[in-house]
>>> print(open('my_file-v9.pdb').read())   # PDB, C-alpha atoms
ATOM      1  CA  MET B 394     -63.812 -37.708  41.341
ATOM      2  CA  LYS B 395     -66.534 -37.288  38.763
ATOM      3  CA  GLU B 396     -64.494 -34.610  37.017
ATOM      4  CA  LEU B 397     -61.411 -36.845  36.955
ATOM      5  CA  LEU B 398     -63.338 -39.734  35.425
ATOM      6  CA  GLU B 399     -64.907 -37.428  32.845
ATOM      7  CA  TYR B 400     -61.506 -36.039  31.890
ATOM      8  CA  LEU B 401     -59.883 -39.472  31.552
ATOM      9  CA  ALA B 402     -62.775 -40.989  29.622
ATOM     10  CA  ARG B 403     -63.138 -38.035  27.231
ATOM     11  CA  SER B 404     -59.405 -38.050  26.548
ATOM     12  CA  LEU B 405     -59.422 -41.749  25.657
ATOM     13  CA  VAL B 406     -62.446 -42.126  23.412
ATOM     14  CA  THR B 407     -63.152 -41.115  19.825
ATOM     15  CA  GLN B 408     -66.604 -39.738  20.684
ATOM     16  CA  PRO B 409     -66.065 -37.607  23.798
ATOM     17  CA  GLU B 410     -69.525 -36.027  23.484
ATOM     18  CA  GLN B 411     -71.017 -39.460  24.256
ATOM     19  CA  VAL B 412     -69.253 -39.719  27.623
ATOM     20  CA  ARG B 413     -71.631 -39.616  30.590
ATOM     21  CA  VAL B 414     -70.755 -40.016  34.239
ATOM     22  CA  GLU B 415     -73.421 -40.479  36.875
ATOM     23  CA  GLU B 416     -72.554 -39.984  40.506
ATOM     24  CA  GLN B 417     -74.426 -41.327  43.520
ATOM     25  CA  GLN B 418     -73.359 -40.364  47.008
ATOM     26  CA  ARG B 419     -74.281 -42.192  50.177
ATOM     27  CA  GLY B 420     -72.427 -40.702  53.077
ATOM     28  CA  GLN B 421     -68.750 -41.286  52.460
ATOM     29  CA  ARG B 422     -69.403 -43.723  49.635
ATOM     30  CA  VAL B 423     -69.446 -42.491  46.078
ATOM     31  CA  HIS B 424     -70.605 -44.646  43.213
ATOM     32  CA  LEU B 425     -69.659 -43.628  39.675
ATOM     33  CA  SER B 426     -71.223 -45.074  36.583
ATOM     34  CA  LEU B 427     -69.632 -44.378  33.198
ATOM     35  CA  SER B 428     -71.196 -44.734  29.792
ATOM     36  CA  VAL B 429     -69.508 -44.249  26.430
ATOM     37  CA  SER B 430     -70.522 -44.941  22.838
ATOM     38  CA  LYS B 431     -70.626 -48.590  21.801
ATOM     39  CA  GLU B 432     -67.650 -48.072  19.473
ATOM     40  CA  ASP B 433     -65.543 -46.747  22.348
ATOM     41  CA  MET B 434     -66.236 -49.581  24.803
ATOM     42  CA  GLY B 435     -63.065 -51.389  23.799
ATOM     43  CA  ARG B 436     -60.883 -48.324  24.305
ATOM     44  CA  ILE B 437     -62.304 -47.638  27.730
ATOM     45  CA  ILE B 438     -62.037 -51.228  28.943
ATOM     46  CA  GLY B 439     -58.714 -52.093  27.341
ATOM     47  CA  LYS B 440     -57.002 -55.412  26.898
ATOM     48  CA  ASN B 441     -57.833 -57.599  29.911
ATOM     49  CA  GLY B 442     -59.595 -54.605  31.440
ATOM     50  CA  ARG B 443     -56.315 -52.767  31.850
ATOM     51  CA  VAL B 444     -57.710 -49.298  31.121
ATOM     52  CA  VAL B 445     -60.675 -49.668  33.490
ATOM     53  CA  GLN B 446     -58.344 -50.968  36.168
ATOM     54  CA  ALA B 447     -55.966 -48.008  35.751
ATOM     55  CA  MET B 448     -58.863 -45.541  35.963
ATOM     56  CA  ARG B 449     -60.142 -47.290  39.077
ATOM     57  CA  THR B 450     -56.701 -46.991  40.682
ATOM     58  CA  LEU B 451     -56.583 -43.230  40.069
ATOM     59  CA  LEU B 452     -60.167 -42.797  41.274
ATOM     60  CA  ARG B 453     -59.176 -44.473  44.537
ATOM     61  CA  VAL B 454     -56.393 -41.922  44.982
ATOM     62  CA  ALA B 455     -58.835 -39.073  44.401
ATOM     63  CA  ALA B 456     -61.294 -40.654  46.854
ATOM     64  CA  GLU B 457     -58.596 -41.097  49.479
ATOM     65  CA  GLN B 458     -57.674 -37.426  49.122
ATOM     66  CA  GLU B 459     -61.300 -36.489  49.792
ATOM     67  CA  GLY B 460     -61.627 -38.975  52.668
ATOM     68  CA  LYS B 461     -64.170 -41.048  50.735
ATOM     69  CA  GLN B 462     -64.609 -44.477  49.215
ATOM     70  CA  VAL B 463     -65.370 -44.963  45.580
ATOM     71  CA  THR B 464     -66.869 -47.716  43.465
ATOM     72  CA  PHE B 465     -66.900 -47.483  39.703
ATOM     73  CA  GLU B 466     -68.635 -49.465  37.015
ATOM     74  CA  ILE B 467     -69.377 -49.398  33.313
ATOM     75  CA  PRO B 468     -72.843 -50.882  32.861
ATOM     76  CA  GLU B 469     -73.446 -52.996  29.746
ATOM     77  CA  PRO B 470     -75.171 -50.844  27.131
TER      78      PRO B 470
ATOM     79  CA  MET M 896     -39.307 -15.413   2.044
ATOM     80  CA  GLN M 897     -41.497 -18.458   1.666
ATOM     81  CA  ASN M 898     -44.831 -18.093   3.385
ATOM     82  CA  SER M 899     -46.350 -21.543   3.094
ATOM     83  CA  VAL M 900     -45.142 -25.149   2.964
ATOM     84  CA  GLU M 901     -46.713 -28.560   2.598
ATOM     85  CA  VAL M 902     -45.024 -31.320   4.517
ATOM     86  CA  SER M 903     -45.542 -35.067   4.623
ATOM     87  CA  ALA M 904     -44.396 -37.117   7.602
ATOM     88  CA  PRO M 905     -45.419 -40.243   9.506
ATOM     89  CA  THR M 906     -47.189 -38.244  12.211
ATOM     90  CA  VAL M 907     -48.937 -34.885  12.502
ATOM     91  CA  GLU M 908     -46.432 -33.850  15.122
ATOM     92  CA  GLU M 909     -43.427 -34.537  12.916
ATOM     93  CA  ALA M 910     -45.015 -32.847   9.925
ATOM     94  CA  ILE M 911     -45.687 -29.716  11.943
ATOM     95  CA  GLN M 912     -42.212 -29.626  13.406
ATOM     96  CA  ARG M 913     -40.572 -30.120  10.020
ATOM     97  CA  GLY M 914     -42.760 -27.400   8.532
ATOM     98  CA  LEU M 915     -41.897 -24.981  11.314
ATOM     99  CA  GLU M 916     -38.222 -25.633  10.709
ATOM    100  CA  LEU M 917     -38.603 -25.039   6.981
ATOM    101  CA  LEU M 918     -40.290 -21.703   7.593
ATOM    102  CA  ALA M 919     -37.953 -20.943  10.484
ATOM    103  CA  THR M 920     -40.862 -19.871  12.609
ATOM    104  CA  THR M 921     -42.792 -20.756  15.777
ATOM    105  CA  PRO M 922     -46.208 -22.421  16.229
ATOM    106  CA  ASP M 923     -47.926 -19.196  17.312
ATOM    107  CA  GLN M 924     -47.134 -17.490  14.018
ATOM    108  CA  VAL M 925     -48.618 -19.991  11.604
ATOM    109  CA  GLU M 926     -51.871 -21.489  10.513
ATOM    110  CA  ILE M 927     -51.834 -25.271  10.369
ATOM    111  CA  GLU M 928     -54.092 -27.279   8.137
ATOM    112  CA  VAL M 929     -54.100 -31.053   8.143
ATOM    113  CA  LEU M 930     -54.610 -31.982   4.477
ATOM    114  CA  ASP M 931     -54.460 -35.712   4.986
ATOM    115  CA  SER M 932     -54.538 -37.338   8.391
ATOM    116  CA  GLY M 933     -52.825 -40.391   6.892
ATOM    117  CA  SER M 934     -53.455 -44.037   7.459
ATOM    118  CA  LYS M 935     -51.521 -46.577   9.430
ATOM    119  CA  GLY M 936     -52.295 -49.228   6.810
ATOM    120  CA  PHE M 937     -52.296 -52.891   7.631
ATOM    121  CA  LEU M 938     -49.043 -54.617   8.616
ATOM    122  CA  GLY M 939     -47.191 -51.792   6.911
ATOM    123  CA  PHE M 940     -49.085 -52.144   3.626
ATOM    124  CA  GLY M 941     -51.073 -49.258   2.270
ATOM    125  CA  SER M 942     -49.907 -46.880   4.951
ATOM    126  CA  ARG M 943     -50.161 -43.243   3.951
ATOM    127  CA  GLN M 944     -48.225 -40.384   5.443
ATOM    128  CA  VAL M 945     -49.811 -37.420   7.134
ATOM    129  CA  ARG M 946     -49.824 -34.251   5.006
ATOM    130  CA  VAL M 947     -49.925 -30.829   6.592
ATOM    131  CA  ARG M 948     -49.937 -27.304   5.166
ATOM    132  CA  ILE M 949     -48.323 -24.604   7.241
ATOM    133  CA  LYS M 950     -48.980 -20.978   6.334
ATOM    134  CA  ARG M 951     -47.349 -17.944   7.876
ATOM    135  CA  LEU M 952     -50.002 -15.775   9.501
ATOM    136  CA  ILE M 953     -48.328 -12.410   9.017
ATOM    137  CA  ALA M 954     -45.700 -11.049   6.671
ATOM    138  CA  SER M 955     -42.478 -11.567   8.530
ATOM    139  CA  SER M 956     -41.416  -7.935   8.083
ATOM    140  CA  GLU M 957     -44.547  -6.669   9.815
ATOM    141  CA  PRO M 958     -44.195  -6.003  13.528
ATOM    142  CA  LEU M 959     -45.965  -8.669  15.527
ATOM    143  CA  ALA M 960     -47.785  -6.401  17.950
ATOM    144  CA  ALA M 961     -49.303  -4.184  15.272
ATOM    145  CA  SER M 962     -50.823  -7.084  13.423
ATOM    146  CA  ARG M 963     -52.254  -8.637  16.572
ATOM    147  CA  GLU M 964     -53.998  -5.430  17.533
ATOM    148  CA  ALA M 965     -55.328  -4.666  14.073
ATOM    149  CA  PRO M 966     -59.040  -3.952  14.513
ATOM    150  CA  GLY M 967     -61.460  -6.236  12.791
ATOM    151  CA  ALA M 968     -58.769  -8.605  11.625
ATOM    152  CA  PRO M 969     -60.338 -12.054  11.404
ATOM    153  CA  SER M 970     -58.706 -14.320  13.894
ATOM    154  CA  PRO M 971     -57.256 -17.214  11.948
ATOM    155  CA  GLN M 972     -58.719 -20.560  12.860
ATOM    156  CA  PRO M 973     -56.639 -23.589  12.086
ATOM    157  CA  VAL M 974     -58.596 -26.009   9.964
ATOM    158  CA  ALA M 975     -57.984 -29.531  11.123
ATOM    159  CA  GLU M 976     -59.519 -32.914  10.598
ATOM    160  CA  VAL M 977     -57.834 -34.244  13.698
ATOM    161  CA  PRO M 978     -57.606 -32.510  17.057
ATOM    162  CA  LEU M 979     -54.439 -30.495  17.084
ATOM    163  CA  PRO M 980     -52.404 -30.272  20.241
ATOM    164  CA  ASP M 981     -51.949 -26.915  21.875
ATOM    165  CA  LEU M 982     -48.949 -25.511  20.073
ATOM    166  CA  ALA M 983     -48.845 -22.130  21.728
ATOM    167  CA  ALA M 984     -47.500 -23.313  25.077
ATOM    168  CA  SER M 985     -43.785 -23.282  24.376
ATOM    169  CA  PRO M 986     -42.501 -23.173  20.841
ATOM    170  CA  ALA M 987     -39.006 -24.306  21.758
ATOM    171  CA  GLU M 988     -40.172 -27.508  23.419
ATOM    172  CA  PRO M 989     -41.211 -30.597  21.467
ATOM    173  CA  LEU M 990     -44.953 -30.975  21.195
ATOM    174  CA  LEU M 991     -44.875 -34.313  22.961
ATOM    175  CA  ALA M 992     -43.159 -32.805  25.975
ATOM    176  CA  VAL M 993     -45.694 -29.974  26.137
ATOM    177  CA  ARG M 994     -48.691 -32.289  25.915
ATOM    178  CA  THR M 995     -47.313 -34.857  28.346
ATOM    179  CA  ARG M 996     -46.754 -32.110  30.892
ATOM    180  CA  GLN M 997     -50.218 -30.635  30.353
ATOM    181  CA  VAL M 998     -51.989 -33.979  30.675
ATOM    182  CA  LEU M 999     -50.049 -34.803  33.853
ATOM    183  CA  GLN M1000     -50.743 -31.382  35.340
ATOM    184  CA  GLU M1001     -54.443 -31.739  34.616
ATOM    185  CA  ILE M1002     -54.613 -35.179  36.248
ATOM    186  CA  LEU M1003     -52.660 -33.938  39.283
ATOM    187  CA  ARG M1004     -55.085 -31.035  39.613
ATOM    188  CA  LEU M1005     -58.069 -33.406  39.450
ATOM    189  CA  LEU M1006     -56.397 -35.644  42.059
ATOM    190  CA  HIS M1007     -56.164 -32.590  44.358
ATOM    191  CA  ILE M1008     -52.387 -32.843  44.445
ATOM    192  CA  GLU M1009     -51.012 -29.376  44.838
ATOM    193  CA  ASN M1010     -47.531 -27.907  44.538
ATOM    194  CA  ALA M1011     -46.246 -30.796  42.442
ATOM    195  CA  GLN M1012     -43.933 -29.951  39.551
ATOM    196  CA  VAL M1013     -43.794 -31.921  36.327
ATOM    197  CA  GLU M1014     -40.389 -32.193  34.698
ATOM    198  CA  ILE M1015     -39.985 -33.620  31.209
ATOM    199  CA  ARG M1016     -36.518 -35.128  31.257
ATOM    200  CA  ASN M1017     -36.237 -36.503  27.758
ATOM    201  CA  VAL M1018     -38.153 -37.106  24.552
ATOM    202  CA  GLU M1019     -36.779 -39.565  22.041
ATOM    203  CA  GLU M1020     -37.734 -41.976  19.327
ATOM    204  CA  GLN M1021     -36.656 -45.605  19.460
ATOM    205  CA  GLN M1022     -37.570 -47.962  16.626
ATOM    206  CA  GLY M1023     -40.458 -45.735  15.627
ATOM    207  CA  HIS M1024     -41.780 -45.467  19.178
ATOM    208  CA  HIS M1025     -41.877 -42.220  21.089
ATOM    209  CA  ILE M1026     -40.480 -42.380  24.578
ATOM    210  CA  VAL M1027     -41.101 -39.529  26.989
ATOM    211  CA  GLN M1028     -39.374 -39.530  30.354
ATOM    212  CA  ALA M1029     -41.160 -37.479  32.955
ATOM    213  CA  GLU M1030     -40.742 -36.956  36.655
ATOM    214  CA  ILE M1031     -43.074 -35.468  39.231
ATOM    215  CA  HIS M1032     -41.415 -33.496  42.019
ATOM    216  CA  GLY M1033     -42.965 -32.439  45.283
ATOM    217  CA  GLN M1034     -43.673 -33.245  48.906
ATOM    218  CA  ASP M1035     -45.673 -36.210  50.212
ATOM    219  CA  LEU M1036     -46.172 -37.854  46.847
ATOM    220  CA  ASP M1037     -46.262 -41.454  48.126
ATOM    221  CA  ILE M1038     -49.953 -41.493  47.292
ATOM    222  CA  LEU M1039     -48.939 -41.287  43.618
ATOM    223  CA  ILE M1040     -46.810 -44.421  43.918
ATOM    224  CA  GLY M1041     -49.159 -46.714  45.781
ATOM    225  CA  ARG M1042     -48.770 -50.332  46.814
ATOM    226  CA  ARG M1043     -46.378 -52.160  44.487
ATOM    227  CA  ALA M1044     -46.214 -48.939  42.460
ATOM    228  CA  GLU M1045     -49.713 -49.700  41.225
ATOM    229  CA  THR M1046     -50.736 -46.046  41.135
ATOM    230  CA  LEU M1047     -47.558 -44.956  39.380
ATOM    231  CA  GLN M1048     -48.101 -47.653  36.722
ATOM    232  CA  ALA M1049     -51.751 -46.682  36.261
ATOM    233  CA  LEU M1050     -50.879 -43.008  35.863
ATOM    234  CA  GLN M1051     -48.066 -43.810  33.451
ATOM    235  CA  TYR M1052     -50.308 -46.068  31.377
ATOM    236  CA  LEU M1053     -53.205 -43.610  31.103
ATOM    237  CA  VAL M1054     -50.955 -40.656  30.241
ATOM    238  CA  SER M1055     -49.259 -42.767  27.532
ATOM    239  CA  LEU M1056     -52.648 -43.659  26.042
ATOM    240  CA  ILE M1057     -53.974 -40.101  26.145
ATOM    241  CA  VAL M1058     -50.900 -38.503  24.584
ATOM    242  CA  GLY M1059     -50.578 -41.358  22.075
ATOM    243  CA  LYS M1060     -54.159 -40.939  20.953
ATOM    244  CA  GLU M1061     -53.608 -37.216  20.387
ATOM    245  CA  ILE M1062     -50.581 -37.573  18.172
ATOM    246  CA  GLU M1063     -51.985 -40.770  16.633
ATOM    247  CA  ASP M1064     -48.870 -42.730  17.334
ATOM    248  CA  TRP M1065     -47.516 -45.113  19.924
ATOM    249  CA  VAL M1066     -46.147 -43.206  22.926
ATOM    250  CA  HIS M1067     -44.553 -44.677  26.001
ATOM    251  CA  VAL M1068     -44.384 -42.271  28.905
ATOM    252  CA  VAL M1069     -41.898 -43.423  31.537
ATOM    253  CA  LEU M1070     -42.953 -41.734  34.720
ATOM    254  CA  ASP M1071     -41.100 -41.367  37.972
ATOM    255  CA  VAL M1072     -42.066 -39.719  41.236
ATOM    256  CA  GLU M1073     -39.264 -38.199  43.319
ATOM    257  CA  GLY M1074     -36.666 -40.732  42.174
ATOM    258  CA  TYR M1075     -38.819 -43.690  43.259
ATOM    259  CA  ARG M1076     -37.937 -45.955  40.347
ATOM    260  CA  GLN M1077     -34.230 -45.511  40.841
ATOM    261  CA  ARG M1078     -34.462 -46.255  44.563
ATOM    262  CA  ARG M1079     -36.678 -49.243  43.875
ATOM    263  CA  GLU M1080     -34.250 -50.610  41.309
ATOM    264  CA  GLN M1081     -31.403 -50.563  43.831
ATOM    265  CA  GLN M1082     -33.655 -52.203  46.402
ATOM    266  CA  LEU M1083     -34.616 -54.948  43.929
ATOM    267  CA  ARG M1084     -30.986 -55.634  43.025
ATOM    268  CA  ARG M1085     -30.141 -56.072  46.689
ATOM    269  CA  LEU M1086     -33.162 -58.334  47.141
ATOM    270  CA  ALA M1087     -32.083 -60.410  44.131
ATOM    271  CA  ALA M1088     -28.582 -60.880  45.542
ATOM    272  CA  ARG M1089     -29.891 -61.803  48.993
ATOM    273  CA  MET M1090     -32.441 -64.317  47.714
ATOM    274  CA  ALA M1091     -29.911 -65.881  45.343
ATOM    275  CA  GLU M1092     -27.617 -66.429  48.301
ATOM    276  CA  GLN M1093     -30.469 -67.995  50.243
ATOM    277  CA  ALA M1094     -31.324 -70.291  47.329
ATOM    278  CA  ILE M1095     -27.743 -71.541  47.200
ATOM    279  CA  ARG M1096     -27.448 -71.947  50.960
ATOM    280  CA  THR M1097     -30.702 -73.873  51.364
ATOM    281  CA  GLY M1098     -30.581 -75.590  47.970
ATOM    282  CA  ARG M1099     -34.255 -74.659  47.559
ATOM    283  CA  ARG M1100     -36.033 -72.422  45.073
ATOM    284  CA  GLN M1101     -36.976 -68.996  46.393
ATOM    285  CA  VAL M1102     -40.316 -67.522  45.355
ATOM    286  CA  LEU M1103     -40.456 -63.716  45.489
ATOM    287  CA  GLU M1104     -43.483 -61.506  46.065
ATOM    288  CA  PRO M1105     -45.674 -60.744  43.026
ATOM    289  CA  MET M1106     -44.238 -57.835  41.018
ATOM    290  CA  PRO M1107     -45.100 -55.884  37.895
ATOM    291  CA  ALA M1108     -43.252 -56.873  34.700
ATOM    292  CA  ALA M1109     -40.778 -53.994  34.846
ATOM    293  CA  GLU M1110     -39.677 -55.033  38.327
ATOM    294  CA  ARG M1111     -39.407 -58.724  37.489
ATOM    295  CA  ARG M1112     -37.183 -57.726  34.614
ATOM    296  CA  ILE M1113     -34.792 -55.997  37.013
ATOM    297  CA  ILE M1114     -34.487 -59.226  39.044
ATOM    298  CA  HIS M1115     -33.965 -61.379  35.934
ATOM    299  CA  LEU M1116     -31.278 -59.008  34.661
ATOM    300  CA  ALA M1117     -29.571 -58.773  38.030
ATOM    301  CA  LEU M1118     -29.123 -62.568  38.172
ATOM    302  CA  ARG M1119     -28.685 -63.251  34.466
ATOM    303  CA  ASP M1120     -24.989 -63.978  34.722
ATOM    304  CA  HIS M1121     -25.089 -65.564  38.165
ATOM    305  CA  PRO M1122     -23.099 -68.824  38.088
ATOM    306  CA  ASP M1123     -25.181 -70.704  40.686
ATOM    307  CA  VAL M1124     -28.842 -69.705  40.112
ATOM    308  CA  THR M1125     -31.347 -69.265  37.302
ATOM    309  CA  THR M1126     -34.592 -67.262  37.348
ATOM    310  CA  GLN M1127     -38.097 -67.828  36.031
ATOM    311  CA  SER M1128     -41.461 -66.091  36.256
ATOM    312  CA  ILE M1129     -44.495 -68.093  37.323
ATOM    313  CA  GLY M1130     -48.207 -67.415  37.786
ATOM    314  CA  GLU M1131     -50.624 -65.076  36.064
ATOM    315  CA  GLU M1132     -50.738 -61.287  36.157
ATOM    316  CA  PRO M1133     -51.135 -59.476  38.472
ATOM    317  CA  ASN M1134     -49.746 -62.216  40.714
ATOM    318  CA  ARG M1135     -46.848 -63.193  38.518
ATOM    319  CA  LYS M1136     -43.675 -63.683  40.537
ATOM    320  CA  VAL M1137     -40.014 -64.448  40.059
ATOM    321  CA  VAL M1138     -38.595 -67.756  41.246
ATOM    322  CA  ILE M1139     -34.880 -68.072  41.922
ATOM    323  CA  ILE M1140     -33.722 -71.637  41.324
ATOM    324  CA  PRO M1141     -30.355 -73.057  42.433
ATOM    325  CA  ARG M1142     -28.417 -74.668  39.569
ATOM    326  CA  ARG M1143     -27.560 -78.308  40.030
TER     327      ARG M1143
END
>>> encode(input="my_file-v9.pdb", output="structure tokens")
Amino acid sequence: MKELLEYLARSLVTQPEQVRVEEQQRGQRVHLSLSVSKEDMGRIIGKNGRVVQAMRTLLRVAAEQEGKQVTFEIPEP
Amino acid sequence: MQNSVEVSAPTVEEAIQRGLELLATTPDQVEIEVLDSGSKGFLGFGSRQVRVRIKRLIASSEPLAASREAPGAPSPQPVAEVPLPDLAASPAEPLLAVRTRQVLQEILRLLHIENAQVEIRNVEEQQGHHIVQAEIHGQDLDILIGRRAETLQALQYLVSLIVGKEIEDWVHVVLDVEGYRQRREQQLRRLAARMAEQAIRTGRRQVLEPMPAAERRIIHLALRDHPDVTTQSIGEEPNRKVVIIPRR
């Protein structure tokens, strides 16, 4: 899941080296936290949050495949 | 024989392809240098085309194998100001097709979906927009479609953005999984006909389930010329739905 999020985020931003994903696992629950450069926030959130929502949808598929649950957030910088 | 060309075009991809045609060669036999990555301008003003120089790597008379194995030969590095897509994959296939397939394959791998095949059905340009039609084939791929095709839409959207960012142009990838869209379209047409009939019979408006824009469009089109009903969309995304209204 972490790898998927890293791949998607790095492919979408202009500063891929600034992409960081932190993963916390508690049993079957996985929490992912993504940070990108300030300039790339818009690209990663998208109009009306469409990009974040699409990434969340794919992360859920990956989680389902691994028999886990995932939550995902982009903390304010 | 000419060994180097400079080409201007609206996108890097087009410039490279035009250059390759001019030199009658393939991507693995040239060095590509982006001289000017162009500018989209503002509302069409001040836009500048992309300029690319394409140089043949080896004299065309020289046998390919000999030159590749030459000891100590410096491996040519393409100089680029923008990330260049992987050209080596399949010279005969348009760059967009190659990259769309690669991005999809990578996402499928990261989703732990194995044995799925990506087919690029068509690549075309419509009113300056690139449209790539792709289909994923395989067994048990319902997980890629999801409820109300949410997953399919998400995948399609992200792949469009990723490939579009690479070629610095607007790309719309139309993605299907095992003929799902076609089946769904038939299902929606039947639903439209049935609900229209119900609207006429009861004389009351029929509100359908929330649907994505592409699906609502199918309903609107299916009933566009219907003599006894009209259609409308109400509500906000993602709960926007079609209403079928009997004509008075």
>>> closest_residue(input="my_file-v9.pdb", among="B:Glu466, B:Leu425, B:Ser430, B:Arg419", to="Gly442 of chain B", atoms="all atoms listed in the file")
B:Glu466
>>> atom_distance(input="my_file-v9.pdb", atom1="atom CA of Ala1044 of chain M", atom2="atom CA of Ala992 of chain M")
23.3 Å
>>> atom_distance(input="my_file-v9.pdb", atom1="atom CA of Ser1055 of chain M", atom2="atom CA of His1067 of chain M")
5.3 Å
>>> interface_residues(input="my_file-v9.pdb", of="chain B", to="chain M", cutoff="9 Å", atoms="all atoms listed in the file", output="short mmCIF file (atom, residue, chain, number, x, y, z; two decimals) with C-alpha atoms, in the frame of the given file")
data_model
loop_
_atom_site.label_atom_id
_atom_site.label_comp_id
_atom_site.auth_asym_id
_atom_site.auth_seq_id
_atom_site.Cartn_x
_atom_site.Cartn_y
_atom_site.Cartn_z
CA MET B 394 -63.81 -37.71 41.34
CA GLU B 396 -64.49 -34.61 37.02
CA LEU B 397 -61.41 -36.84 36.96
CA TYR B 400 -61.51 -36.04 31.89
CA LEU B 401 -59.88 -39.47 31.55
CA SER B 404 -59.40 -38.05 26.55
CA LEU B 405 -59.42 -41.75 25.66
CA VAL B 406 -62.45 -42.13 23.41
CA ARG B 443 -56.32 -52.77 31.85
CA VAL B 444 -57.71 -49.30 31.12
CA GLN B 446 -58.34 -50.97 36.17
CA ALA B 447 -55.97 -48.01 35.75
CA MET B 448 -58.86 -45.54 35.96
CA ARG B 449 -60.14 -47.29 39.08
CA THR B 450 -56.70 -46.99 40.68
CA LEU B 451 -56.58 -43.23 40.07
CA LEU B 452 -60.17 -42.80 41.27
CA VAL B 454 -56.39 -41.92 44.98
CA ALA B 455 -58.84 -39.07 44.40
CA ALA B 456 -61.29 -40.65 46.85
CA GLU B 457 -58.60 -41.10 49.48
CA GLN B 458 -57.67 -37.43 49.12
CA GLU B 459 -61.30 -36.49 49.79
#
>>> atom_distance(input="my_file-v9.pdb", atom1="atom CA of His1032 of chain M", atom2="atom CA of Glu1020 of chain M")
24.5 Å
>>> resolve_selection(input="my_file-v9.pdb", expression="the PyMOL selection byres ((chain B and resi 435) around 12)", output="PyMOL selection string")
chain B and resi 402+405-407+429-434+436-445+467
>>> resolve_selection(input="my_file-v9.pdb", expression="the PyMOL selection byres ((chain B and resi 412) around 7)", output="PyMOL selection string")
chain B and resi 402-403+409-411+413-414+428-429
>>> resolve_selection(input="my_file-v9.pdb", expression="the PyMOL selection byres ((chain B and resi 463) around 8)", output="list in words")
Arg422, Val423, His424, Leu425, Leu452, Arg453, Ala456, Lys461, Gln462, Thr464 and Phe465 of chain B
